[in-house]
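This is upload14.pdb (PDB, C-alpha atoms and all ligand atoms).
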ATOM      1  CA  MET O   1      10.825 158.381   1.795  1.00  0.00           C
ATOM      2  CA  THR O   2       7.196 157.637   0.880  1.00  0.00           C
ATOM      3  CA  GLN O   3       4.947 156.038   3.492  1.00  0.00           C
ATOM      4  CA  ALA O   4       4.765 152.824   1.452  1.00  0.00           C
ATOM      5  CA  ARG O   5       8.535 152.692   1.144  1.00  0.00           C
ATOM      6  CA  ALA O   6       9.018 153.458   4.840  1.00  0.00           C
ATOM      7  CA  GLU O   7       6.643 150.635   5.749  1.00  0.00           C
ATOM      8  CA  ARG O   8       8.439 148.301   3.372  1.00  0.00           C
ATOM      9  CA  ALA O   9      11.769 149.086   5.012  1.00  0.00           C
ATOM     10  CA  ALA O  10      10.285 148.710   8.482  1.00  0.00           C
ATOM     11  CA  GLY O  11       8.600 145.453   7.565  1.00  0.00           C
ATOM     12  CA  SER O  12      11.523 143.691   5.933  1.00  0.00           C
ATOM     13  CA  GLY O  13      13.593 141.270   7.926  1.00  0.00           C
ATOM     14  CA  LEU O  14      10.899 140.197  10.417  1.00  0.00           C
ATOM     15  CA  VAL O  15      11.278 136.775  11.972  1.00  0.00           C
ATOM     16  CA  LEU O  16       7.995 135.530  13.447  1.00  0.00           C
ATOM     17  CA  ALA O  17       7.814 132.193  15.276  1.00  0.00           C
ATOM     18  CA  GLY O  18      11.242 131.416  13.826  1.00  0.00           C
ATOM     19  CA  ARG O  19      10.235 132.011  10.221  1.00  0.00           C
ATOM     20  CA  PRO O  20      10.992 134.972   7.943  1.00  0.00           C
ATOM     21  CA  ALA O  21       8.020 137.194   7.201  1.00  0.00           C
ATOM     22  CA  ALA O  22       7.275 140.799   6.344  1.00  0.00           C
ATOM     23  CA  ARG O  23       4.478 143.320   6.590  1.00  0.00           C
ATOM     24  CA  GLU O  24       3.602 145.619   3.735  1.00  0.00           C
ATOM     25  CA  HIS O  25       0.873 147.918   2.509  1.00  0.00           C
ATOM     26  CA  LEU O  26      -0.133 146.338  -0.803  1.00  0.00           C
ATOM     27  CA  ARG O  27      -2.277 147.736  -3.587  1.00  0.00           C
ATOM     28  CA  VAL O  28      -5.220 145.818  -4.999  1.00  0.00           C
ATOM     29  CA  VAL O  29      -4.615 145.144  -8.690  1.00  0.00           C
ATOM     30  CA  GLY O  30      -7.685 143.020  -9.441  1.00  0.00           C
ATOM     31  CA  VAL O  31     -10.901 141.614  -7.970  1.00  0.00           C
ATOM     32  CA  GLU O  32     -12.480 138.711  -9.856  1.00  0.00           C
ATOM     33  CA  GLN O  33     -15.726 136.903  -9.147  1.00  0.00           C
ATOM     34  CA  ILE O  34     -15.279 133.150  -9.473  1.00  0.00           C
ATOM     35  CA  GLY O  35     -18.663 131.569  -8.811  1.00  0.00           C
ATOM     36  CA  ALA O  36     -19.455 132.102  -5.127  1.00  0.00           C
ATOM     37  CA  TYR O  37     -15.904 133.206  -4.332  1.00  0.00           C
ATOM     38  CA  THR O  38     -13.768 136.292  -4.972  1.00  0.00           C
ATOM     39  CA  LEU O  39     -10.173 136.228  -6.173  1.00  0.00           C
ATOM     40  CA  LEU O  40      -8.414 139.233  -4.613  1.00  0.00           C
ATOM     41  CA  ARG O  41      -5.214 140.061  -6.477  1.00  0.00           C
ATOM     42  CA  LEU O  42      -2.629 142.214  -4.703  1.00  0.00           C
ATOM     43  CA  GLU O  43       0.685 143.597  -5.845  1.00  0.00           C
ATOM     44  CA  ARG O  44       3.416 141.455  -4.313  1.00  0.00           C
ATOM     45  CA  GLY O  45       5.744 144.185  -3.114  1.00  0.00           C
ATOM     46  CA  GLU O  46       8.730 142.613  -1.387  1.00  0.00           C
ATOM     47  CA  LEU O  47       6.717 139.818   0.231  1.00  0.00           C
ATOM     48  CA  GLU O  48       7.777 136.248  -0.467  1.00  0.00           C
ATOM     49  CA  PRO O  49       4.992 133.896  -1.562  1.00  0.00           C
ATOM     50  CA  GLY O  50       6.327 131.244   0.810  1.00  0.00           C
ATOM     51  CA  VAL O  51       5.576 127.532   0.768  1.00  0.00           C
ATOM     52  CA  PRO O  52       2.116 126.435  -0.456  1.00  0.00           C
ATOM     53  CA  GLY O  53      -0.184 126.098   2.544  1.00  0.00           C
ATOM     54  CA  GLN O  54       1.400 128.995   4.414  1.00  0.00           C
ATOM     55  CA  PHE O  55      -0.953 131.897   5.042  1.00  0.00           C
ATOM     56  CA  PHE O  56      -1.004 135.690   5.188  1.00  0.00           C
ATOM     57  CA  MET O  57      -2.874 138.002   7.560  1.00  0.00           C
ATOM     58  CA  LEU O  58      -4.913 140.416   5.433  1.00  0.00           C
ATOM     59  CA  GLU O  59      -6.204 143.670   6.906  1.00  0.00           C
ATOM     60  CA  ALA O  60      -9.996 143.630   6.642  1.00  0.00           C
ATOM     61  CA  PRO O  61     -11.176 147.227   6.108  1.00  0.00           C
ATOM     62  CA  GLY O  62     -13.299 148.471   9.003  1.00  0.00           C
ATOM     63  CA  ARG O  63     -12.562 145.433  11.185  1.00  0.00           C
ATOM     64  CA  VAL O  64     -10.202 145.298  14.178  1.00  0.00           C
ATOM     65  CA  LEU O  65      -8.629 141.951  13.363  1.00  0.00           C
ATOM     66  CA  PRO O  66      -7.011 140.844  10.114  1.00  0.00           C
ATOM     67  CA  ARG O  67      -8.110 137.627   8.420  1.00  0.00           C
ATOM     68  CA  PRO O  68      -5.838 134.638   7.713  1.00  0.00           C
ATOM     69  CA  MET O  69      -5.803 133.603   4.040  1.00  0.00           C
ATOM     70  CA  SER O  70      -3.698 130.970   2.334  1.00  0.00           C
ATOM     71  CA  LEU O  71      -2.081 131.984  -0.910  1.00  0.00           C
ATOM     72  CA  CYS O  72      -4.013 130.818  -3.984  1.00  0.00           C
ATOM     73  CA  GLN O  73      -1.826 131.979  -6.848  1.00  0.00           C
ATOM     74  CA  ALA O  74       1.582 133.637  -7.139  1.00  0.00           C
ATOM     75  CA  PRO O  75       1.853 135.078 -10.652  1.00  0.00           C
ATOM     76  CA  PRO O  76       4.837 137.363 -11.274  1.00  0.00           C
ATOM     77  CA  GLY O  77       4.561 140.493  -9.144  1.00  0.00           C
ATOM     78  CA  GLU O  78       1.293 139.430  -7.499  1.00  0.00           C
ATOM     79  CA  LEU O  79      -0.204 137.508  -4.610  1.00  0.00           C
ATOM     80  CA  ALA O  80      -3.775 136.254  -5.130  1.00  0.00           C
ATOM     81  CA  PHE O  81      -6.186 135.071  -2.449  1.00  0.00           C
ATOM     82  CA  LEU O  82      -9.469 133.213  -2.961  1.00  0.00           C
ATOM     83  CA  ILE O  83     -12.025 134.464  -0.451  1.00  0.00           C
ATOM     84  CA  ASP O  84     -15.420 133.119   0.614  1.00  0.00           C
ATOM     85  CA  PRO O  85     -17.527 136.111   1.727  1.00  0.00           C
ATOM     86  CA  ILE O  86     -19.077 134.481   4.787  1.00  0.00           C
ATOM     87  CA  GLY O  87     -18.708 137.255   7.401  1.00  0.00           C
ATOM     88  CA  PRO O  88     -18.120 141.007   7.793  1.00  0.00           C
ATOM     89  CA  GLY O  89     -14.324 140.740   7.435  1.00  0.00           C
ATOM     90  CA  THR O  90     -14.305 138.530   4.365  1.00  0.00           C
ATOM     91  CA  ARG O  91     -17.103 140.595   2.800  1.00  0.00           C
ATOM     92  CA  ALA O  92     -15.043 143.756   3.368  1.00  0.00           C
ATOM     93  CA  LEU O  93     -12.084 142.118   1.619  1.00  0.00           C
ATOM     94  CA  CYS O  94     -14.276 141.046  -1.303  1.00  0.00           C
ATOM     95  CA  ALA O  95     -15.634 144.615  -1.599  1.00  0.00           C
ATOM     96  CA  LEU O  96     -12.157 146.098  -2.140  1.00  0.00           C
ATOM     97  CA  GLU O  97     -11.636 147.813  -5.455  1.00  0.00           C
ATOM     98  CA  PRO O  98      -8.539 148.079  -7.626  1.00  0.00           C
ATOM     99  CA  GLY O  99      -6.351 150.904  -6.382  1.00  0.00           C
ATOM    100  CA  ALA O 100      -7.245 150.394  -2.717  1.00  0.00           C
ATOM    101  CA  ALA O 101      -4.473 149.151  -0.412  1.00  0.00           C
ATOM    102  CA  ILE O 102      -4.375 146.930   2.663  1.00  0.00           C
ATOM    103  CA  HIS O 103      -1.717 145.777   5.115  1.00  0.00           C
ATOM    104  CA  VAL O 104      -0.542 142.224   4.595  1.00  0.00           C
ATOM    105  CA  LEU O 105       1.690 140.165   6.920  1.00  0.00           C
ATOM    106  CA  GLY O 106       3.319 136.922   5.896  1.00  0.00           C
ATOM    107  CA  PRO O 107       4.053 134.292   4.874  1.00  0.00           C
ATOM    108  CA  LEU O 108       3.118 132.577   8.173  1.00  0.00           C
ATOM    109  CA  GLY O 109       2.674 129.025   9.401  1.00  0.00           C
ATOM    110  CA  ASN O 110       4.419 125.890   8.237  1.00  0.00           C
ATOM    111  CA  GLY O 111       3.057 125.049   4.757  1.00  0.00           C
ATOM    112  CA  PHE O 112       2.822 121.610   3.158  1.00  0.00           C
ATOM    113  CA  ASP O 113       5.752 119.185   3.095  1.00  0.00           C
ATOM    114  CA  LEU O 114       6.414 119.029  -0.645  1.00  0.00           C
ATOM    115  CA  GLY O 115       8.710 115.992  -0.467  1.00  0.00           C
ATOM    116  CA  VAL O 116       5.911 113.423  -0.685  1.00  0.00           C
ATOM    117  CA  GLU O 117       5.783 110.604  -3.224  1.00  0.00           C
ATOM    118  CA  ARG O 118       2.760 110.425  -5.557  1.00  0.00           C
ATOM    119  CA  PRO O 119       1.083 113.611  -4.255  1.00  0.00           C
ATOM    120  CA  LEU O 120      -2.697 113.759  -4.471  1.00  0.00           C
ATOM    121  CA  LEU O 121      -4.443 117.067  -3.753  1.00  0.00           C
ATOM    122  CA  VAL O 122      -7.847 116.865  -2.060  1.00  0.00           C
ATOM    123  CA  ALA O 123     -10.009 119.903  -1.274  1.00  0.00           C
ATOM    124  CA  GLY O 124     -13.547 120.760  -0.254  1.00  0.00           C
ATOM    125  CA  GLY O 125     -15.257 124.138  -0.675  1.00  0.00           C
ATOM    126  CA  ILE O 126     -13.018 127.113   0.046  1.00  0.00           C
ATOM    127  CA  GLY O 127     -10.328 124.537   0.862  1.00  0.00           C
ATOM    128  CA  VAL O 128      -9.570 124.804  -2.851  1.00  0.00           C
ATOM    129  CA  ALA O 129      -7.845 128.133  -2.057  1.00  0.00           C
ATOM    130  CA  PRO O 130      -4.238 126.896  -1.592  1.00  0.00           C
ATOM    131  CA  MET O 131      -4.475 124.219  -4.299  1.00  0.00           C
ATOM    132  CA  PRO O 132      -3.593 126.209  -7.461  1.00  0.00           C
ATOM    133  CA  TYR O 133      -0.280 127.405  -5.968  1.00  0.00           C
ATOM    134  CA  LEU O 134       0.373 123.952  -4.498  1.00  0.00           C
ATOM    135  CA  SER O 135      -0.385 122.272  -7.820  1.00  0.00           C
ATOM    136  CA  GLU O 136       1.879 124.638  -9.737  1.00  0.00           C
ATOM    137  CA  THR O 137       4.724 124.092  -7.265  1.00  0.00           C
ATOM    138  CA  LEU O 138       4.396 120.297  -7.467  1.00  0.00           C
ATOM    139  CA  GLY O 139       4.158 120.222 -11.272  1.00  0.00           C
ATOM    140  CA  GLY O 140       0.434 119.482 -11.611  1.00  0.00           C
ATOM    141  CA  PRO O 141      -0.291 116.291  -9.624  1.00  0.00           C
ATOM    142  CA  PRO O 142      -3.794 114.730  -9.664  1.00  0.00           C
ATOM    143  CA  ALA O 143      -6.420 116.655  -7.700  1.00  0.00           C
ATOM    144  CA  LEU O 144      -9.898 115.928  -6.330  1.00  0.00           C
ATOM    145  CA  LEU O 145     -12.305 118.753  -5.499  1.00  0.00           C
ATOM    146  CA  GLY O 146     -15.730 118.758  -3.857  1.00  0.00           C
ATOM    147  CA  PHE O 147     -18.227 121.627  -3.668  1.00  0.00           C
ATOM    148  CA  ARG O 148     -21.690 122.149  -2.230  1.00  0.00           C
ATOM    149  CA  SER O 149     -23.204 123.707  -5.361  1.00  0.00           C
ATOM    150  CA  ASP O 150     -22.514 124.238  -9.058  1.00  0.00           C
ATOM    151  CA  ARG O 151     -21.898 127.920  -8.320  1.00  0.00           C
ATOM    152  CA  HIS O 152     -19.179 127.082  -5.778  1.00  0.00           C
ATOM    153  CA  ALA O 153     -17.767 124.492  -8.196  1.00  0.00           C
ATOM    154  CA  GLU O 154     -16.935 127.279 -10.669  1.00  0.00           C
ATOM    155  CA  ALA O 155     -13.759 127.668  -8.584  1.00  0.00           C
ATOM    156  CA  ALA O 156     -12.573 124.388 -10.112  1.00  0.00           C
ATOM    157  CA  ARG O 157     -11.479 126.393 -13.125  1.00  0.00           C
ATOM    158  CA  LEU O 158      -8.490 127.472 -11.033  1.00  0.00           C
ATOM    159  CA  LEU O 159      -7.377 123.831 -11.198  1.00  0.00           C
ATOM    160  CA  PRO O 160      -8.529 122.711 -14.664  1.00  0.00           C
ATOM    161  CA  SER O 161      -7.191 119.143 -14.488  1.00  0.00           C
ATOM    162  CA  ALA O 162      -8.991 118.278 -11.225  1.00  0.00           C
ATOM    163  CA  GLU O 163     -11.783 115.734 -10.853  1.00  0.00           C
ATOM    164  CA  VAL O 164     -14.803 117.534  -9.388  1.00  0.00           C
ATOM    165  CA  VAL O 165     -17.910 116.415  -7.498  1.00  0.00           C
ATOM    166  CA  VAL O 166     -20.858 118.433  -6.224  1.00  0.00           C
ATOM    167  CA  GLU O 167     -22.982 117.499  -3.188  1.00  0.00           C
ATOM    168  CA  PRO O 168     -24.600 115.156  -2.421  1.00  0.00           C
ATOM    169  CA  ARG O 169     -21.483 113.401  -3.709  1.00  0.00           C
ATOM    170  CA  LEU O 170     -18.468 113.771  -1.407  1.00  0.00           C
ATOM    171  CA  VAL O 171     -14.886 114.296  -2.480  1.00  0.00           C
ATOM    172  CA  THR O 172     -13.776 111.360  -0.307  1.00  0.00           C
ATOM    173  CA  GLU O 173     -15.745 109.060  -2.663  1.00  0.00           C
ATOM    174  CA  LEU O 174     -13.080 109.775  -5.268  1.00  0.00           C
ATOM    175  CA  LEU O 175     -10.135 108.734  -3.082  1.00  0.00           C
ATOM    176  CA  PRO O 176      -8.465 105.639  -4.555  1.00  0.00           C
ATOM    177  CA  GLU O 177      -7.667 102.661  -2.315  1.00  0.00           C
ATOM    178  CA  ASP O 178      -3.971 103.536  -2.366  1.00  0.00           C
ATOM    179  CA  PRO O 179      -4.140 107.347  -2.501  1.00  0.00           C
ATOM    180  CA  GLY O 180      -0.397 108.076  -2.228  1.00  0.00           C
ATOM    181  CA  GLY O 181       0.671 111.247  -0.429  1.00  0.00           C
ATOM    182  CA  VAL O 182      -2.537 113.140   0.271  1.00  0.00           C
ATOM    183  CA  LEU O 183      -2.396 116.910   0.821  1.00  0.00           C
ATOM    184  CA  ALA O 184      -5.831 118.129   1.885  1.00  0.00           C
ATOM    185  CA  CYS O 185      -7.652 121.323   2.772  1.00  0.00           C
ATOM    186  CA  GLY O 186     -11.306 121.793   3.605  1.00  0.00           C
ATOM    187  CA  PRO O 187     -13.933 121.781   6.345  1.00  0.00           C
ATOM    188  CA  THR O 188     -13.289 119.738   9.498  1.00  0.00           C
ATOM    189  CA  PRO O 189     -15.696 116.855   8.662  1.00  0.00           C
ATOM    190  CA  MET O 190     -13.974 116.444   5.298  1.00  0.00           C
ATOM    191  CA  LEU O 191     -10.500 116.467   6.868  1.00  0.00           C
ATOM    192  CA  GLU O 192     -11.586 113.877   9.441  1.00  0.00           C
ATOM    193  CA  ALA O 193     -12.995 111.684   6.669  1.00  0.00           C
ATOM    194  CA  VAL O 194      -9.742 112.040   4.692  1.00  0.00           C
ATOM    195  CA  ALA O 195      -7.670 111.198   7.793  1.00  0.00           C
ATOM    196  CA  ALA O 196      -9.748 108.044   8.333  1.00  0.00           C
ATOM    197  CA  LEU O 197      -9.033 106.877   4.772  1.00  0.00           C
ATOM    198  CA  ALA O 198      -5.452 108.170   4.485  1.00  0.00           C
ATOM    199  CA  PRO O 199      -3.957 108.307   8.015  1.00  0.00           C
ATOM    200  CA  GLN O 200      -0.683 109.910   6.885  1.00  0.00           C
ATOM    201  CA  ALA O 201      -2.395 112.701   4.958  1.00  0.00           C
ATOM    202  CA  GLN O 202      -1.215 116.269   5.453  1.00  0.00           C
ATOM    203  CA  LEU O 203      -4.259 118.255   6.572  1.00  0.00           C
ATOM    204  CA  ALA O 204      -4.666 122.043   6.474  1.00  0.00           C
ATOM    205  CA  TRP O 205      -6.804 122.977   9.490  1.00  0.00           C
ATOM    206  CA  GLU O 206      -8.669 126.204  10.162  1.00  0.00           C
ATOM    207  CA  ALA O 207      -9.065 128.190  13.394  1.00  0.00           C
ATOM    208  CA  PRO O 208      -9.866 131.811  14.253  1.00  0.00           C
ATOM    209  CA  MET O 209      -6.601 133.757  14.314  1.00  0.00           C
ATOM    210  CA  ALA O 210      -5.874 137.209  15.735  1.00  0.00           C
ATOM    211  CA  CYS O 211      -2.100 137.572  15.352  1.00  0.00           C
ATOM    212  CA  GLY O 212      -0.958 134.720  13.090  1.00  0.00           C
ATOM    213  CA  TYR O 213       2.477 134.269  14.717  1.00  0.00           C
ATOM    214  CA  GLY O 214       1.994 132.663  18.127  1.00  0.00           C
ATOM    215  CA  ALA O 215       1.471 135.689  20.386  1.00  0.00           C
ATOM    216  CA  CYS O 216      -2.246 135.719  21.218  1.00  0.00           C
ATOM    217  CA  TYR O 217      -3.099 132.034  21.783  1.00  0.00           C
ATOM    218  CA  GLY O 218      -6.373 132.683  19.981  1.00  0.00           C
ATOM    219  CA  CYS O 219      -5.887 129.725  17.674  1.00  0.00           C
ATOM    220  CA  VAL O 220      -5.186 127.009  20.243  1.00  0.00           C
ATOM    221  CA  VAL O 221      -6.790 123.692  19.313  1.00  0.00           C
ATOM    222  CA  GLU O 222      -6.605 120.271  20.919  1.00  0.00           C
ATOM    223  CA  ILE O 223      -5.161 117.696  18.581  1.00  0.00           C
ATOM    224  CA  ASP O 224      -4.643 114.115  19.685  1.00  0.00           C
ATOM    225  CA  GLY O 225      -4.841 115.240  23.318  1.00  0.00           C
ATOM    226  CA  ARG O 226      -2.289 118.062  22.938  1.00  0.00           C
ATOM    227  CA  TYR O 227      -2.954 121.788  22.805  1.00  0.00           C
ATOM    228  CA  ARG O 228      -1.313 123.489  19.848  1.00  0.00           C
ATOM    229  CA  ARG O 229      -1.227 126.956  18.365  1.00  0.00           C
ATOM    230  CA  LEU O 230      -2.413 126.295  14.855  1.00  0.00           C
ATOM    231  CA  CYS O 231      -0.683 129.390  13.448  1.00  0.00           C
ATOM    232  CA  VAL O 232       2.741 128.146  14.602  1.00  0.00           C
ATOM    233  CA  ASP O 233       2.486 124.331  14.659  1.00  0.00           C
ATOM    234  CA  GLY O 234       0.211 124.348  11.618  1.00  0.00           C
ATOM    235  CA  PRO O 235      -1.929 125.061   9.799  1.00  0.00           C
ATOM    236  CA  ILE O 236      -0.696 121.829   8.172  1.00  0.00           C
ATOM    237  CA  LEU O 237      -0.630 118.804  10.466  1.00  0.00           C
ATOM    238  CA  SER O 238       0.240 115.283   9.388  1.00  0.00           C
ATOM    239  CA  GLY O 239      -1.161 111.986  10.434  1.00  0.00           C
ATOM    240  CA  CYS O 240      -3.345 113.316  13.230  1.00  0.00           C
ATOM    241  CA  ALA O 241      -6.438 111.448  14.310  1.00  0.00           C
ATOM    242  CA  GLY O 242      -8.556 114.414  15.214  1.00  0.00           C
ATOM    243  CA  LYS O 243      -8.880 118.046  16.256  1.00  0.00           C
ATOM    244  CA  ASP O 244     -11.324 119.365  18.889  1.00  0.00           C
TER     245      ASP O 244
HETATM  246 FE1  LIG I   1      -2.301 134.285  17.703  1.00  0.00          FE
HETATM  247 FE2  LIG I   1      -2.141 131.765  16.792  1.00  0.00          FE
HETATM  248  S1  LIG I   1      -3.275 133.428  15.972  1.00  0.00           S
HETATM  249  S2  LIG I   1      -1.316 132.559  18.629  1.00  0.00           S
END

Spit out the file's structure as structure tokens when you get a sec.
Ligand code: FES
Amino acid sequence: MTQARAERAAGSGLVLAGRPAAREHLRVVGVEQIGAYTLLRLERGELEPGVPGQFFMLEAPGRVLPRPMSLCQAPPGELAFLIDPIGPGTRALCALEPGAAIHVLGPLGNGFDLGVERPLLVAGGIGVAPMPYLSETLGGPPALLGFRSDRHAEAARLLPSAEVVVEPRLVTELLPEDPGGVLACGPTPMLEAVAALAPQAQLAWEAPMACGYGACYGCVVEIDGRYRRLCVDGPILSGCAGKD
């Protein structure tokens, strides 16, 4: 049995935090520059793409800890992740070349509740990452995107029908009075602004994560006075007033 096949067999059938997941060694099949971001395309192997908003732990070459990334696209046979190279781990992922291989664990976390009426996707910056897969799964609902520069806004081509603003305009300016079922991802100030305007919105929060399945308590955040492990209880939380 080859090493890849042995790992595949060993990784199948995992249940982490009550959800099915798997760990595999996946080959890089493409690396695309999209404005300020990098789209890392991996072979899918036997991994399930999961529910939009779930995330995967990607081995960052040369770093001890993997990095959590939500799935951006799930074309046949592939899993694609949009990465913002803001630190050593994300830069190492963006520097991967086709043919290299990394360990990937997932899907993890809860994902968005897709049963909402009149879904409206709202994202800021790298929060655009889960939106293409979410949009495809929901049949192309309206979407609002905000970016800090024209270069970052090039990522809007992953969601061609979206309305796009660039700072100093804010994506929350585009929210209609009756926004419907908002599904949002972005930086904390943006999520708090969305929650103030759409209190029942589903919000995808971010926190540093070491394990991704509830074992290390590295991702504990206080939300509405309660401590929660974001990798297990989230990363999607609904109708919450605030995270500290
Ligand atoms: Fe380890 Fe959440 S990342 S408990």

Please determine the residues with any atom at most 12 Å from (-23.8, 114.4, 0.2) (coordinates as given in the file, with all atoms listed in the file counting) and report them as a PyMOL selection string.
-> chain O and resi 146-149+165-173+189-190

Find the residues near ligand LIG 1 (chain I). Use a cut-off of 8 Å, count all atoms listed in the file, and write them as a list of chain:residue names.
->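 Using all atoms listed in the file, I find these residues within 8 Å of ligand LIG 1 (chain I): O:Pro208, O:Met209, O:Ala210, O:Cys211, O:Gly212, O:Tyr213, O:Gly214, O:Ala215, O:Cys216, O:Tyr217, O:Gly218, O:Cys219, O:Val220, O:Arg229, O:Leu230, O:Cys231, O:Val232.
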
Kindly provide, as a PDB file with C-alpha atoms, in the coordinates of the input, the polymer residues lying within 9 Å of (-9.0, 136.4, -6.3), counting all atoms listed in the file and using the coordinates exactly as they appear in the file.
ATOM      1  CA  GLY O  30      -7.685 143.020  -9.441  1.00  0.00           C
ATOM      2  CA  VAL O  31     -10.901 141.614  -7.970  1.00  0.00           C
ATOM      3  CA  GLU O  32     -12.480 138.711  -9.856  1.00  0.00           C
ATOM      4  CA  GLN O  33     -15.726 136.903  -9.147  1.00  0.00           C
ATOM      5  CA  ILE O  34     -15.279 133.150  -9.473  1.00  0.00           C
ATOM      6  CA  TYR O  37     -15.904 133.206  -4.332  1.00  0.00           C
ATOM      7  CA  THR O  38     -13.768 136.292  -4.972  1.00  0.00           C
ATOM      8  CA  LEU O  39     -10.173 136.228  -6.173  1.00  0.00           C
ATOM      9  CA  LEU O  40      -8.414 139.233  -4.613  1.00  0.00           C
ATOM     10  CA  ARG O  41      -5.214 140.061  -6.477  1.00  0.00           C
ATOM     11  CA  LEU O  42      -2.629 142.214  -4.703  1.00  0.00           C
ATOM     12  CA  CYS O  72      -4.013 130.818  -3.984  1.00  0.00           C
ATOM     13  CA  GLN O  73      -1.826 131.979  -6.848  1.00  0.00           C
ATOM     14  CA  ALA O  80      -3.775 136.254  -5.130  1.00  0.00           C
ATOM     15  CA  PHE O  81      -6.186 135.071  -2.449  1.00  0.00           C
ATOM     16  CA  LEU O  82      -9.469 133.213  -2.961  1.00  0.00           C
ATOM     17  CA  ILE O  83     -12.025 134.464  -0.451  1.00  0.00           C
ATOM     18  CA  CYS O  94     -14.276 141.046  -1.303  1.00  0.00           C
TER      19      CYS O  94
END

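With the shown file loaded, the PyMOL selection byres (((chain O and resi 194) around 10) and not hetatm) picks out Val122, Ala123, Val171, Thr172, Glu173, Leu175, Val182, Leu183, Ala184, Cys185, Gly186, Thr188, Pro189, Met190, Leu191, Glu192, Ala193, Ala195, Ala196, Leu197, Ala198, Pro199, Gln200, Ala201, Gln202 and Leu203 of chain O.
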
Calculate how many Å separate atom CA of Arg63 of chain O from atom CA of Gly89 of chain O, rounding to one decimal.
->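 These two atoms are separated by 6.3 Å.
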
Coordinates-based distance that separates atom CA of Leu105 of chain O from atom CA of Arg67 of chain O (Å, one decimal) =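 According to the coordinates, atom CA of Arg67 of chain O and atom CA of Leu105 of chain O are separated by 10.2 Å.
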
To verify the selection step, state as a list in words which residues the PyMOL selection byres (((chain O and resi 109) around 7) and not hetatm) yields on this input.
->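 The output of the PyMOL selection byres (((chain O and resi 109) around 7) and not hetatm) on this file is Gln54, Phe55, Leu108, Asn110, Gly111, Cys231, Val232, Gly234 and Pro235 of chain O.
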
Go ahead and write the residues just picked, C-alpha atoms, as an mmCIF file, keeping the file's coordinate frame.
data_model
loop_
_atom_site.group_PDB
_atom_site.id
_atom_site.type_symbol
_atom_site.label_atom_id
_atom_site.label_comp_id
_atom_site.auth_asym_id
_atom_site.auth_seq_id
_atom_site.Cartn_x
_atom_site.Cartn_y
_atom_site.Cartn_z
ATOM 1 C CA GLN O 54 1.400 128.995 4.414
ATOM 2 C CA PHE O 55 -0.953 131.897 5.042
ATOM 3 C CA LEU O 108 3.118 132.577 8.173
ATOM 4 C CA ASN O 110 4.419 125.890 8.237
ATOM 5 C CA GLY O 111 3.057 125.049 4.757
ATOM 6 C CA CYS O 231 -0.683 129.390 13.448
ATOM 7 C CA VAL O 232 2.741 128.146 14.602
ATOM 8 C CA GLY O 234 0.211 124.348 11.618
ATOM 9 C CA PRO O 235 -1.929 125.061 9.799
#

Which is closer to Pro20 of chain O than all the others in O:Gly106, O:Pro61, O:Pro130, O:Pro68, using all atoms listed in the file?
->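 When distances to Pro20 of chain O are compared using all atoms listed in the file, the smallest one comes from O:Gly106.
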
Reference answer for the PyMOL selection byres (((chain O and resi 138) around 12) and not hetatm), as a list of chain:residue names =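 When the PyMOL selection byres (((chain O and resi 138) around 12) and not hetatm) is applied to the shown file, the picked residues are O:Val51, O:Pro52, O:Phe112, O:Asp113, O:Leu114, O:Gly115, O:Val116, O:Glu117, O:Arg118, O:Pro119, O:Leu120, O:Leu121, O:Met131, O:Pro132, O:Tyr133, O:Leu134, O:Ser135, O:Glu136, O:Thr137, O:Gly139, O:Gly140, O:Pro141, O:Pro142, O:Ala143, O:Leu183.
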
Just the selected residues (C-alpha atoms), exported as a compact mmCIF listing (two decimals), keeping the file's coordinate frame, please.
# COMPACT_ATOMS: atom_id res chain seq x y z
CA VAL O 51 5.58 127.53 0.77
CA PRO O 52 2.12 126.44 -0.46
CA PHE O 112 2.82 121.61 3.16
CA ASP O 113 5.75 119.18 3.10
CA LEU O 114 6.41 119.03 -0.64
CA GLY O 115 8.71 115.99 -0.47
CA VAL O 116 5.91 113.42 -0.68
CA GLU O 117 5.78 110.60 -3.22
CA ARG O 118 2.76 110.42 -5.56
CA PRO O 119 1.08 113.61 -4.26
CA LEU O 120 -2.70 113.76 -4.47
CA LEU O 121 -4.44 117.07 -3.75
CA MET O 131 -4.47 124.22 -4.30
CA PRO O 132 -3.59 126.21 -7.46
CA TYR O 133 -0.28 127.40 -5.97
CA LEU O 134 0.37 123.95 -4.50
CA SER O 135 -0.38 122.27 -7.82
CA GLU O 136 1.88 124.64 -9.74
CA THR O 137 4.72 124.09 -7.26
CA GLY O 139 4.16 120.22 -11.27
CA GLY O 140 0.43 119.48 -11.61
CA PRO O 141 -0.29 116.29 -9.62
CA PRO O 142 -3.79 114.73 -9.66
CA ALA O 143 -6.42 116.66 -7.70
CA LEU O 183 -2.40 116.91 0.82

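For the atom pair formed by atom CA of Val128 of chain O and atom CA of Met69 of chain O, the distance is 11.8 Å, given to one decimal.
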
Find the residues around Leu47 of chain O up to 9 Å (only C-alpha atoms counted), leave out those fewer than 6 positions away in its own chain, and share them as a list in words.
-> Ser12, Ala21, Ala22, Arg23, Glu24, Leu79, Val104, Leu105, Gly106 and Pro107 of chain O

How would the residues just picked look written out with C-alpha atoms as an mmCIF file, in the frame of the given file?
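Output file result_17.cif follows:
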data_model
loop_
_atom_site.group_PDB
_atom_site.id
_atom_site.type_symbol
_atom_site.label_atom_id
_atom_site.label_comp_id
_atom_site.auth_asym_id
_atom_site.auth_seq_id
_atom_site.Cartn_x
_atom_site.Cartn_y
_atom_site.Cartn_z
ATOM 1 C CA SER O 12 11.523 143.691 5.933
ATOM 2 C CA ALA O 21 8.020 137.194 7.201
ATOM 3 C CA ALA O 22 7.275 140.799 6.344
ATOM 4 C CA ARG O 23 4.478 143.320 6.590
ATOM 5 C CA GLU O 24 3.602 145.619 3.735
ATOM 6 C CA LEU O 79 -0.204 137.508 -4.610
ATOM 7 C CA VAL O 104 -0.542 142.224 4.595
ATOM 8 C CA LEU O 105 1.690 140.165 6.920
ATOM 9 C CA GLY O 106 3.319 136.922 5.896
ATOM 10 C CA PRO O 107 4.053 134.292 4.874
#
